2 protein chains.
Amino acid sequence: MSDENRRPAIVAGDKRDETSRNGHLVIIGGGEDRTYAKQILGRFIELSGGTEASIVVITAASGVSDHMWEIYQQAFGELGVIDVSHLAIDSRRDANSERAVSMLSAADGIFMTGGDQKRLLALIGATGVDRALHVAFKERNACIGGTSAGASAMSGHMLARGEAVLQPEKGAVSMAAGLGLVQHVLIDQHFSERQRLGRLLTAVAQNPYLQGVGIDEDTALVIERGAGIEILGEGAVTVIDGRHMRSNLAQIAHRESPEMIDVRLHLLPAGSRYTLPAAGAAEDDDADALPSSMLDFLRNVTKRQPLS
Amino acid sequence: MSDENRRPAIVAGDKRDETSRNGHLVIIGGGEDRTYAKQILGRFIELSGGTEASIVVITAASGVSDHMWEIYQQAFGELGVIDVSHLAIDSRRDANSERAVSMLSAADGIFMTGGDQKRLLALIGATGVDRALHVAFKERNACIGGTSAGASAMSGHMLARGEAVLQPEKGAVSMAAGLGLVQHVLIDQHFSERQRLGRLLTAVAQNPYLQGVGIDEDTALVIERGAGIEILGEGAVTVIDGRHMRSNLAQIAHRESPEMIDVRLHLLPAGSRYTLPAAGAAEDDDADALPSSMLDFLRNVTKRQPLS
């Protein structure tokens with residue numbers, strides 16, 4: 001069986017241990033540590049059930065998928081994972097193949113690498129692989145991880161094109177349909193490092209019912225379905241909520257900067273954890289009650305969306 | 001008298017025209033156009049009373065004050081200003097001199113250049129020049145302009161040191177006492193261009209009763225005392241209001257990132273104007289009513305602070 005020395009940070013475990021009772025998403029802002037302590041990848045393995053979990057790596061976002069596979073094969077191996085395999089997808093036919101679907105159906109953890117989220121969706125959107133991801137998360141309570149493009153692809157709406165604008169600019173971003181493992185949010189990655197607040201504000205101005213989620217590099221937003229969230233790693237997660245804002249976006253010309261008044265911003269540093277309040281708890285009585293905009297975000301991302 | 005061709009954008013004027021009835025602050029985020037249309041400097045002249053206004057340039061923030069004077073002498077000259085003079089201040093004795101005070105007492109517009117706001121305050125803080133600036137703005141309804149360091153110096157609290165942190169970090173900024181022409185705000189400049197949101201959020205986390213004001217380059221926040229504000233130029237003004245936020249700053253260690261939940265953010269692009277609602281107006285009846293956080297900001301910066 002496994003060699004204790006190869007899995008320093010993780011307790012090898014029962015696949016049905018407490019942390020795997022609900023499905024999890026591990027949404028990583030890119031640039032996660034794959035060499036040293038590997039905190040985020042370690043947590044992904046832990047939430048998948050530990051070193052004896054069955055892990056599948058989807059590299060379809062990348063144009064150099066074999067290279068991506070080598071990187072994660074090594075990283076997960078160093079974390080002590082015994083059963084890690086590569087699901088290579090070069091066509092929609094591959095993504096509808098029985099082999100692909102059966103690999104995912106047996107997986108405890110599924111990891112989507114970086115690359116280009118449009119490429120990923122073009123290959124797997126509305127295929128057997130897409131369906132198997134939803135079944136894994138929603139019915140089998142598996143753990144789905146994704147970094148960079150693999151993170152952006154998780155939401156129902158995703159950024160298809162986004163310029164690095166210093167300030168919001170009408171038309172600077174465009175959207176596409178993502179996997180929809182989490183709804184009503186828009187995930188952006190490499191957030192602080194690539195100065196992406198301007199484009200996330202643009203996206204929220206153009207799509208006020210989406211909550212913008214900017215994830216820094218080597219940082220993860222971990223969502224436990226029906227339960228809560230935690231932030232891991234080195235940076236922070238920035239949430240932009242424009243649902244109550246006053247904006248003139250509809251009145252201005254292409255490329256003009258919109259007015260955006262009363263945007264709610266939440267900055268959640270690594271180490272933070274937020275748990276859904278117990279049903280029926282009197283929120284007003286609780287001195288630690290979250291502000292309503294943050295509570296809405298928490299409820300939204302942890303919502304038990306049905307398998308449609 | 002003046003040559004019409006030298007003052008293209010400005011109507012030469014009666015010093016007592018409508019726009020000069022209230023004192024104005026023209027707070028510029030640095031890098032304003034001094035060469036081409038000079039929109040912001042032109043508006044500063046206009047608010048000072050037009051091309052026949054008496055303009056004084058304070059260069060004390062700069063270590064190369066003669067060079068700064070040459071730049072603005074030329075720019076204001078090209079805008080058609082006839083009476084523009086240089087107030088050079090090399091010591092606190094200079095700043096308390098009768099000559100300095102009498103120059104400012106006769107000025108319709110006073111402009112403070114960039115440089116270092118700590119140097120500026122070290123030279124003029126609590127001197128006759130400081131007092132004359134307050135008298136000019138509050139009693140004589142003059143126009144006070146400032147760019148970069150000259151902008152930061154205008155608020156009661158100013159950034160003394162601020163690192164370019166990607167995300168807020170406890171201890172990354174420190175504060176000093178500014179001129180206090182506007183209170184309860186903290187002005188930062190070169191805002192989007194130098195990626196200063198992280199440090200402004202840090203400052204607000206550390207000083208929750210200050211509203212952070214980030215001004216982009218070639219962009220000005222114009223405040224009309226007792227009346228309203230407008231944004232001029234090429235970029236935007238970002239307002240960060242943390243008064244209602246939940247934060248753990250008091251609990252975390254030096255250099256850790258604070259949690260900041262429910263920060264209000266307003267993005268005000270150039271071209272925006274906001275006027276104080278008429279006294280007694282029923283705010284709820286007005287479909288265009290500003291959200292309360294923005295209204296608080298507007299009321300605060302336009303407040304007729306007394307001459308103390």
# chains A, B, ... in the order shown; residues from 1 in each chain; ligands from 1
call {"tool": "residues_around", "arguments": {"residues": "Ala279 in chain B", "least_positions_apart": "4", "cutoff": "12 Å", "atoms": "only C-alpha atoms", "output": "VMD selection string"}}
result
chain B and resid 226 to 227 275 283 299
call {"tool": "interface_residues", "arguments": {"of": "chain B", "to": "chain A", "cutoff": "9 Å", "atoms": "only C-alpha atoms", "output": "number ranges by chain"}}
result
B: 166-168, 192-193, 195, 198, 235-236, 245-246, 256-270, 272, 290-294
call {"tool": "write_last_selection", "arguments": {"atoms": "N, CA, C and O atoms", "output": "compact mmCIF listing (two decimals), in the first residue's frame"}}
result
# COMPACT_ATOMS: atom_id res chain seq x y z
N LEU B 166 -0.48 44.23 -3.03
CA LEU B 166 -1.50 43.71 -3.92
C LEU B 166 -2.83 43.58 -3.19
O LEU B 166 -3.88 43.83 -3.75
N GLN B 167 -2.76 43.14 -1.95
CA GLN B 167 -3.95 43.03 -1.12
C GLN B 167 -3.65 43.76 0.19
O GLN B 167 -2.49 43.91 0.55
N PRO B 168 -4.68 44.22 0.88
CA PRO B 168 -4.46 44.92 2.14
C PRO B 168 -3.59 44.11 3.10
O PRO B 168 -3.68 42.88 3.14
N SER B 192 -5.35 54.15 -10.18
CA SER B 192 -5.41 52.92 -10.97
C SER B 192 -4.04 52.60 -11.56
O SER B 192 -3.62 51.44 -11.62
N GLU B 193 -3.36 53.64 -12.01
CA GLU B 193 -2.11 53.45 -12.72
C GLU B 193 -1.07 52.76 -11.85
O GLU B 193 -0.27 51.96 -12.35
N GLN B 195 -1.85 50.94 -9.17
CA GLN B 195 -2.45 49.77 -8.52
C GLN B 195 -2.55 49.98 -7.01
O GLN B 195 -2.06 49.17 -6.23
N GLY B 198 -5.03 48.24 -3.01
CA GLY B 198 -4.61 47.48 -1.83
C GLY B 198 -4.21 48.39 -0.68
O GLY B 198 -4.60 48.18 0.46
N GLY B 235 -9.89 59.69 -16.21
CA GLY B 235 -10.08 58.45 -15.45
C GLY B 235 -11.31 58.50 -14.58
O GLY B 235 -12.36 58.99 -14.99
N ALA B 236 -11.15 58.02 -13.38
CA ALA B 236 -12.27 57.94 -12.44
C ALA B 236 -11.77 58.23 -11.04
O ALA B 236 -10.58 58.23 -10.77
N MET B 245 -18.18 48.24 7.68
CA MET B 245 -17.61 46.92 7.40
C MET B 245 -17.43 46.09 8.67
O MET B 245 -17.35 46.59 9.77
N ARG B 246 -17.36 44.79 8.45
CA ARG B 246 -16.91 43.88 9.49
C ARG B 246 -15.45 43.58 9.15
O ARG B 246 -15.11 43.24 8.02
N GLU B 256 -0.32 40.63 8.34
CA GLU B 256 -1.37 39.73 7.86
C GLU B 256 -2.42 40.53 7.09
O GLU B 256 -2.54 41.74 7.27
N SER B 257 -3.17 39.82 6.25
CA SER B 257 -4.24 40.47 5.49
C SER B 257 -5.53 40.45 6.28
O SER B 257 -5.93 39.40 6.76
N PRO B 258 -6.17 41.60 6.42
CA PRO B 258 -7.43 41.61 7.16
C PRO B 258 -8.60 41.11 6.32
O PRO B 258 -8.62 41.25 5.10
N GLU B 259 -9.56 40.55 7.01
CA GLU B 259 -10.88 40.32 6.42
C GLU B 259 -11.58 41.69 6.38
O GLU B 259 -11.50 42.47 7.33
N MET B 260 -12.25 41.97 5.27
CA MET B 260 -13.04 43.21 5.17
C MET B 260 -14.34 42.84 4.48
O MET B 260 -14.33 42.55 3.28
N ILE B 261 -15.43 42.85 5.23
CA ILE B 261 -16.72 42.44 4.66
C ILE B 261 -17.68 43.62 4.67
O ILE B 261 -17.81 44.32 5.66
N ASP B 262 -18.34 43.81 3.54
CA ASP B 262 -19.33 44.87 3.35
C ASP B 262 -18.70 46.26 3.26
O ASP B 262 -19.19 47.22 3.84
N VAL B 263 -17.62 46.34 2.52
CA VAL B 263 -17.07 47.64 2.15
C VAL B 263 -17.92 48.19 1.01
O VAL B 263 -18.32 47.45 0.12
N ARG B 264 -18.22 49.48 1.06
CA ARG B 264 -18.98 50.10 -0.04
C ARG B 264 -18.00 50.76 -0.99
O ARG B 264 -17.10 51.49 -0.54
N LEU B 265 -18.17 50.51 -2.26
CA LEU B 265 -17.28 51.06 -3.28
C LEU B 265 -18.10 51.88 -4.28
O LEU B 265 -19.13 51.41 -4.76
N HIS B 266 -17.65 53.08 -4.56
CA HIS B 266 -18.30 53.91 -5.57
C HIS B 266 -17.25 54.25 -6.63
O HIS B 266 -16.15 54.68 -6.30
N LEU B 267 -17.62 54.05 -7.87
CA LEU B 267 -16.72 54.36 -8.96
C LEU B 267 -17.34 55.50 -9.75
O LEU B 267 -18.42 55.33 -10.33
N LEU B 268 -16.68 56.64 -9.75
CA LEU B 268 -17.26 57.85 -10.33
C LEU B 268 -16.41 58.27 -11.52
O LEU B 268 -15.32 58.84 -11.35
N PRO B 269 -16.86 57.99 -12.72
CA PRO B 269 -16.03 58.31 -13.88
C PRO B 269 -16.06 59.80 -14.21
O PRO B 269 -16.98 60.52 -13.81
N ALA B 270 -15.04 60.24 -14.92
CA ALA B 270 -14.99 61.62 -15.38
C ALA B 270 -16.27 61.96 -16.12
O ALA B 270 -16.81 61.15 -16.87
N SER B 272 -18.97 62.83 -14.35
CA SER B 272 -20.04 62.72 -13.35
C SER B 272 -20.14 64.00 -12.53
O SER B 272 -19.14 64.68 -12.30
N LEU B 290 -29.42 59.29 -4.34
CA LEU B 290 -28.17 58.56 -4.21
C LEU B 290 -28.27 57.56 -3.07
O LEU B 290 -28.88 57.85 -2.04
N PRO B 291 -27.63 56.39 -3.21
CA PRO B 291 -27.54 55.47 -2.07
C PRO B 291 -26.90 56.19 -0.89
O PRO B 291 -26.06 57.08 -1.06
N SER B 292 -27.29 55.77 0.31
CA SER B 292 -26.92 56.56 1.49
C SER B 292 -25.42 56.69 1.69
O SER B 292 -24.93 57.74 2.12
N SER B 293 -24.67 55.66 1.35
CA SER B 293 -23.22 55.74 1.55
C SER B 293 -22.63 56.83 0.65
O SER B 293 -21.72 57.57 1.04
N MET B 294 -23.14 56.94 -0.58
CA MET B 294 -22.65 57.96 -1.50
C MET B 294 -23.11 59.35 -1.07
O MET B 294 -22.36 60.33 -1.17
call {"tool": "atom_distance", "arguments": {"atom1": "CA of Ala149 in chain A", "atom2": "CA of Arg196 in chain A"}}
result
14.6 Å
call {"tool": "select_by_dssp", "arguments": {"residues": "range 25-172 of chain B", "states": "strand (DSSP E or B)", "output": "JSON, numbers by chain"}}
result
{"B": [25, 26, 27, 28, 54, 55, 56, 57, 58, 83, 84, 85, 86, 87, 109, 110, 111, 112, 143, 144, 145, 146, 147, 155, 157, 158, 159, 160, 161, 162]}
call {"tool": "write_last_selection", "arguments": {"atoms": "C-alpha atoms", "output": "compact mmCIF listing (two decimals), in the first residue's frame"}}
result
# COMPACT_ATOMS: atom_id res chain seq x y z
CA LEU B 25 -11.04 72.41 -4.30
CA VAL B 26 -9.58 70.89 -7.47
CA ILE B 27 -7.96 67.66 -6.30
CA ILE B 28 -5.93 66.07 -9.09
CA SER B 54 -4.57 86.14 -9.68
CA ILE B 55 -2.92 82.70 -9.45
CA VAL B 56 -0.19 81.64 -7.02
CA VAL B 57 1.78 78.41 -7.44
CA ILE B 58 3.15 76.70 -4.31
CA ASP B 83 -1.22 87.18 -13.28
CA VAL B 84 0.56 84.01 -12.16
CA SER B 85 3.30 84.05 -9.58
CA HIS B 86 5.55 81.64 -7.75
CA LEU B 87 5.52 81.30 -4.00
CA GLY B 109 -6.52 80.57 -7.19
CA ILE B 110 -3.75 78.71 -5.36
CA PHE B 111 -2.14 75.67 -6.92
CA MET B 112 0.04 73.13 -5.08
CA CYS B 143 -10.11 77.96 -5.58
CA ILE B 144 -7.41 75.66 -4.21
CA GLY B 145 -5.88 73.17 -6.64
CA GLY B 146 -3.39 70.44 -5.94
CA THR B 147 -1.94 67.55 -7.88
CA SER B 155 -7.21 66.11 3.62
CA HIS B 157 -5.34 62.80 7.45
CA MET B 158 -2.93 61.93 4.70
CA LEU B 159 -0.85 58.94 3.71
CA ALA B 160 2.67 59.36 5.01
CA ARG B 161 3.91 56.00 3.83
CA GLY B 162 2.10 53.44 1.77
call {"tool": "atom_distance", "arguments": {"atom1": "CA of Leu41 in chain B", "atom2": "CA of Gly128 in chain B"}}
result
25.7 Å
call {"tool": "select_by_dssp", "arguments": {"residues": "range 150-284 of chain B", "states": "helix (DSSP H, G or I)", "output": "ChimeraX atom specification"}}
result
/B:150-152,197-206,283-284
call {"tool": "residues_around", "arguments": {"residues": "Asp33 in chain A", "least_positions_apart": "2", "cutoff": "12 Å", "atoms": "only C-alpha atoms", "output": "list in words"}}
result
Ile28, Gly29, Gly30, Gly31, Thr35, Tyr36, Ala37, Lys38, Gln39, Ile40, Leu41, Gly42, Arg43, Ile71, Tyr72, Ala75, Phe76, Thr147, Glu217, Asp218, Thr219, Ala220, Leu232, Gly233 and Glu234 of chain A
call {"tool": "residues_around", "arguments": {"residues": "Gly63 in chain A", "least_positions_apart": "3", "cutoff": "10 Å", "atoms": "only C-alpha atoms", "output": "PyMOL selection string"}}
result
chain A and resi 59-60+66-68+90+114-116+119-120
call {"tool": "write_last_selection", "arguments": {"atoms": "all heavy atoms", "output": "mmCIF file, in the first residue's frame"}}
result
data_model
loop_
_atom_site.group_PDB
_atom_site.id
_atom_site.type_symbol
_atom_site.label_atom_id
_atom_site.label_comp_id
_atom_site.auth_asym_id
_atom_site.auth_seq_id
_atom_site.Cartn_x
_atom_site.Cartn_y
_atom_site.Cartn_z
ATOM 1 N N THR A 59 -7.001 17.690 -18.575
ATOM 2 C CA THR A 59 -6.049 18.687 -19.067
ATOM 3 C C THR A 59 -6.577 19.409 -20.304
ATOM 4 O O THR A 59 -5.836 20.139 -20.967
ATOM 5 C CB THR A 59 -4.721 17.993 -19.446
ATOM 6 O OG1 THR A 59 -5.036 16.931 -20.359
ATOM 7 C CG2 THR A 59 -4.016 17.425 -18.229
ATOM 8 N N ALA A 60 -7.875 19.230 -20.590
ATOM 9 C CA ALA A 60 -8.409 19.678 -21.884
ATOM 10 C C ALA A 60 -8.337 21.191 -22.093
ATOM 11 O O ALA A 60 -8.403 21.663 -23.232
ATOM 12 C CB ALA A 60 -9.857 19.212 -22.038
ATOM 13 N N ASP A 66 -0.095 16.994 -22.337
ATOM 14 C CA ASP A 66 0.821 15.996 -21.760
ATOM 15 C C ASP A 66 1.748 16.642 -20.729
ATOM 16 O O ASP A 66 2.046 16.052 -19.691
ATOM 17 C CB ASP A 66 1.649 15.311 -22.860
ATOM 18 C CG ASP A 66 0.800 14.354 -23.682
ATOM 19 O OD1 ASP A 66 -0.308 13.997 -23.207
ATOM 20 O OD2 ASP A 66 1.225 13.983 -24.786
ATOM 21 N N HIS A 67 2.187 17.857 -21.051
ATOM 22 C CA HIS A 67 3.054 18.570 -20.118
ATOM 23 C C HIS A 67 2.304 18.874 -18.816
ATOM 24 O O HIS A 67 2.848 18.691 -17.717
ATOM 25 C CB HIS A 67 3.550 19.861 -20.774
ATOM 26 C CG HIS A 67 4.372 20.710 -19.867
ATOM 27 N ND1 HIS A 67 5.595 20.295 -19.370
ATOM 28 C CD2 HIS A 67 4.156 21.945 -19.347
ATOM 29 C CE1 HIS A 67 6.086 21.245 -18.588
ATOM 30 N NE2 HIS A 67 5.238 22.254 -18.555
ATOM 31 N N MET A 68 1.045 19.293 -18.932
ATOM 32 C CA MET A 68 0.253 19.580 -17.730
ATOM 33 C C MET A 68 0.071 18.309 -16.902
ATOM 34 O O MET A 68 0.152 18.323 -15.678
ATOM 35 C CB MET A 68 -1.118 20.156 -18.108
ATOM 36 C CG MET A 68 -1.075 21.499 -18.798
ATOM 37 S SD MET A 68 -0.206 22.765 -17.839
ATOM 38 C CE MET A 68 -1.547 23.388 -16.844
ATOM 39 N N ASP A 90 -9.195 15.273 -26.616
ATOM 40 C CA ASP A 90 -8.785 16.059 -27.774
ATOM 41 C C ASP A 90 -9.949 16.400 -28.688
ATOM 42 O O ASP A 90 -9.772 17.088 -29.696
ATOM 43 C CB ASP A 90 -7.719 15.295 -28.583
ATOM 44 C CG ASP A 90 -6.409 15.216 -27.828
ATOM 45 O OD1 ASP A 90 -6.022 16.227 -27.215
ATOM 46 O OD2 ASP A 90 -5.784 14.138 -27.816
ATOM 47 N N GLY A 114 -5.091 24.439 -15.791
ATOM 48 C CA GLY A 114 -5.198 25.714 -16.486
ATOM 49 C C GLY A 114 -5.075 25.550 -17.990
ATOM 50 O O GLY A 114 -4.909 24.435 -18.503
ATOM 51 N N GLY A 115 -5.138 26.671 -18.671
ATOM 52 C CA GLY A 115 -5.100 26.707 -20.128
ATOM 53 C C GLY A 115 -6.036 27.809 -20.585
ATOM 54 O O GLY A 115 -5.874 28.964 -20.200
ATOM 55 N N ASP A 116 -7.047 27.424 -21.362
ATOM 56 C CA ASP A 116 -8.000 28.408 -21.879
ATOM 57 C C ASP A 116 -9.402 27.860 -21.618
ATOM 58 O O ASP A 116 -9.743 26.777 -22.113
ATOM 59 C CB ASP A 116 -7.744 28.595 -23.373
ATOM 60 C CG ASP A 116 -8.766 29.511 -24.041
ATOM 61 O OD1 ASP A 116 -9.791 29.875 -23.413
ATOM 62 O OD2 ASP A 116 -8.548 29.845 -25.220
ATOM 63 N N ARG A 119 -11.438 26.909 -24.653
ATOM 64 C CA ARG A 119 -11.044 25.620 -25.223
ATOM 65 C C ARG A 119 -11.655 24.469 -24.410
ATOM 66 O O ARG A 119 -12.210 23.510 -24.978
ATOM 67 C CB ARG A 119 -9.510 25.518 -25.218
ATOM 68 C CG ARG A 119 -8.967 24.205 -25.738
ATOM 69 C CD ARG A 119 -7.439 24.124 -25.534
ATOM 70 N NE ARG A 119 -7.020 22.730 -25.574
ATOM 71 C CZ ARG A 119 -6.635 22.113 -26.687
ATOM 72 N NH1 ARG A 119 -6.579 22.771 -27.833
ATOM 73 N NH2 ARG A 119 -6.298 20.841 -26.661
ATOM 74 N N LEU A 120 -11.585 24.598 -23.096
ATOM 75 C CA LEU A 120 -12.137 23.552 -22.226
ATOM 76 C C LEU A 120 -13.624 23.352 -22.499
ATOM 77 O O LEU A 120 -14.091 22.220 -22.683
ATOM 78 C CB LEU A 120 -11.894 23.923 -20.760
ATOM 79 C CG LEU A 120 -12.439 22.962 -19.701
ATOM 80 C CD1 LEU A 120 -11.776 21.584 -19.824
ATOM 81 C CD2 LEU A 120 -12.215 23.518 -18.292
#
call {"tool": "atom_distance", "arguments": {"atom1": "CA of Ile215 in chain B", "atom2": "CA of Gln189 in chain B"}}
result
4.8 Å
call {"tool": "residues_around", "arguments": {"residues": "range 124-127 of chain A", "least_positions_apart": "2", "cutoff": "9 Å", "atoms": "only C-alpha atoms", "output": "count of residues only"}}
result
19
call {"tool": "closest_atom_pairs", "arguments": {"of": "range 147-191 of chain A", "to": "range 203-206 of chain A", "cutoff": "8 Å", "atoms": "only C-alpha atoms", "output": "Markdown table"}}
result
| residue | atom | partner | partner_atom | distance |
| --- | --- | --- | --- | --- |
| A:Lys170 | CA | A:Gln206 | CA | 7.5 |
| A:Val173 | CA | A:Ala203 | CA | 6.2 |
| A:Ser174 | CA | A:Ala203 | CA | 7.7 |
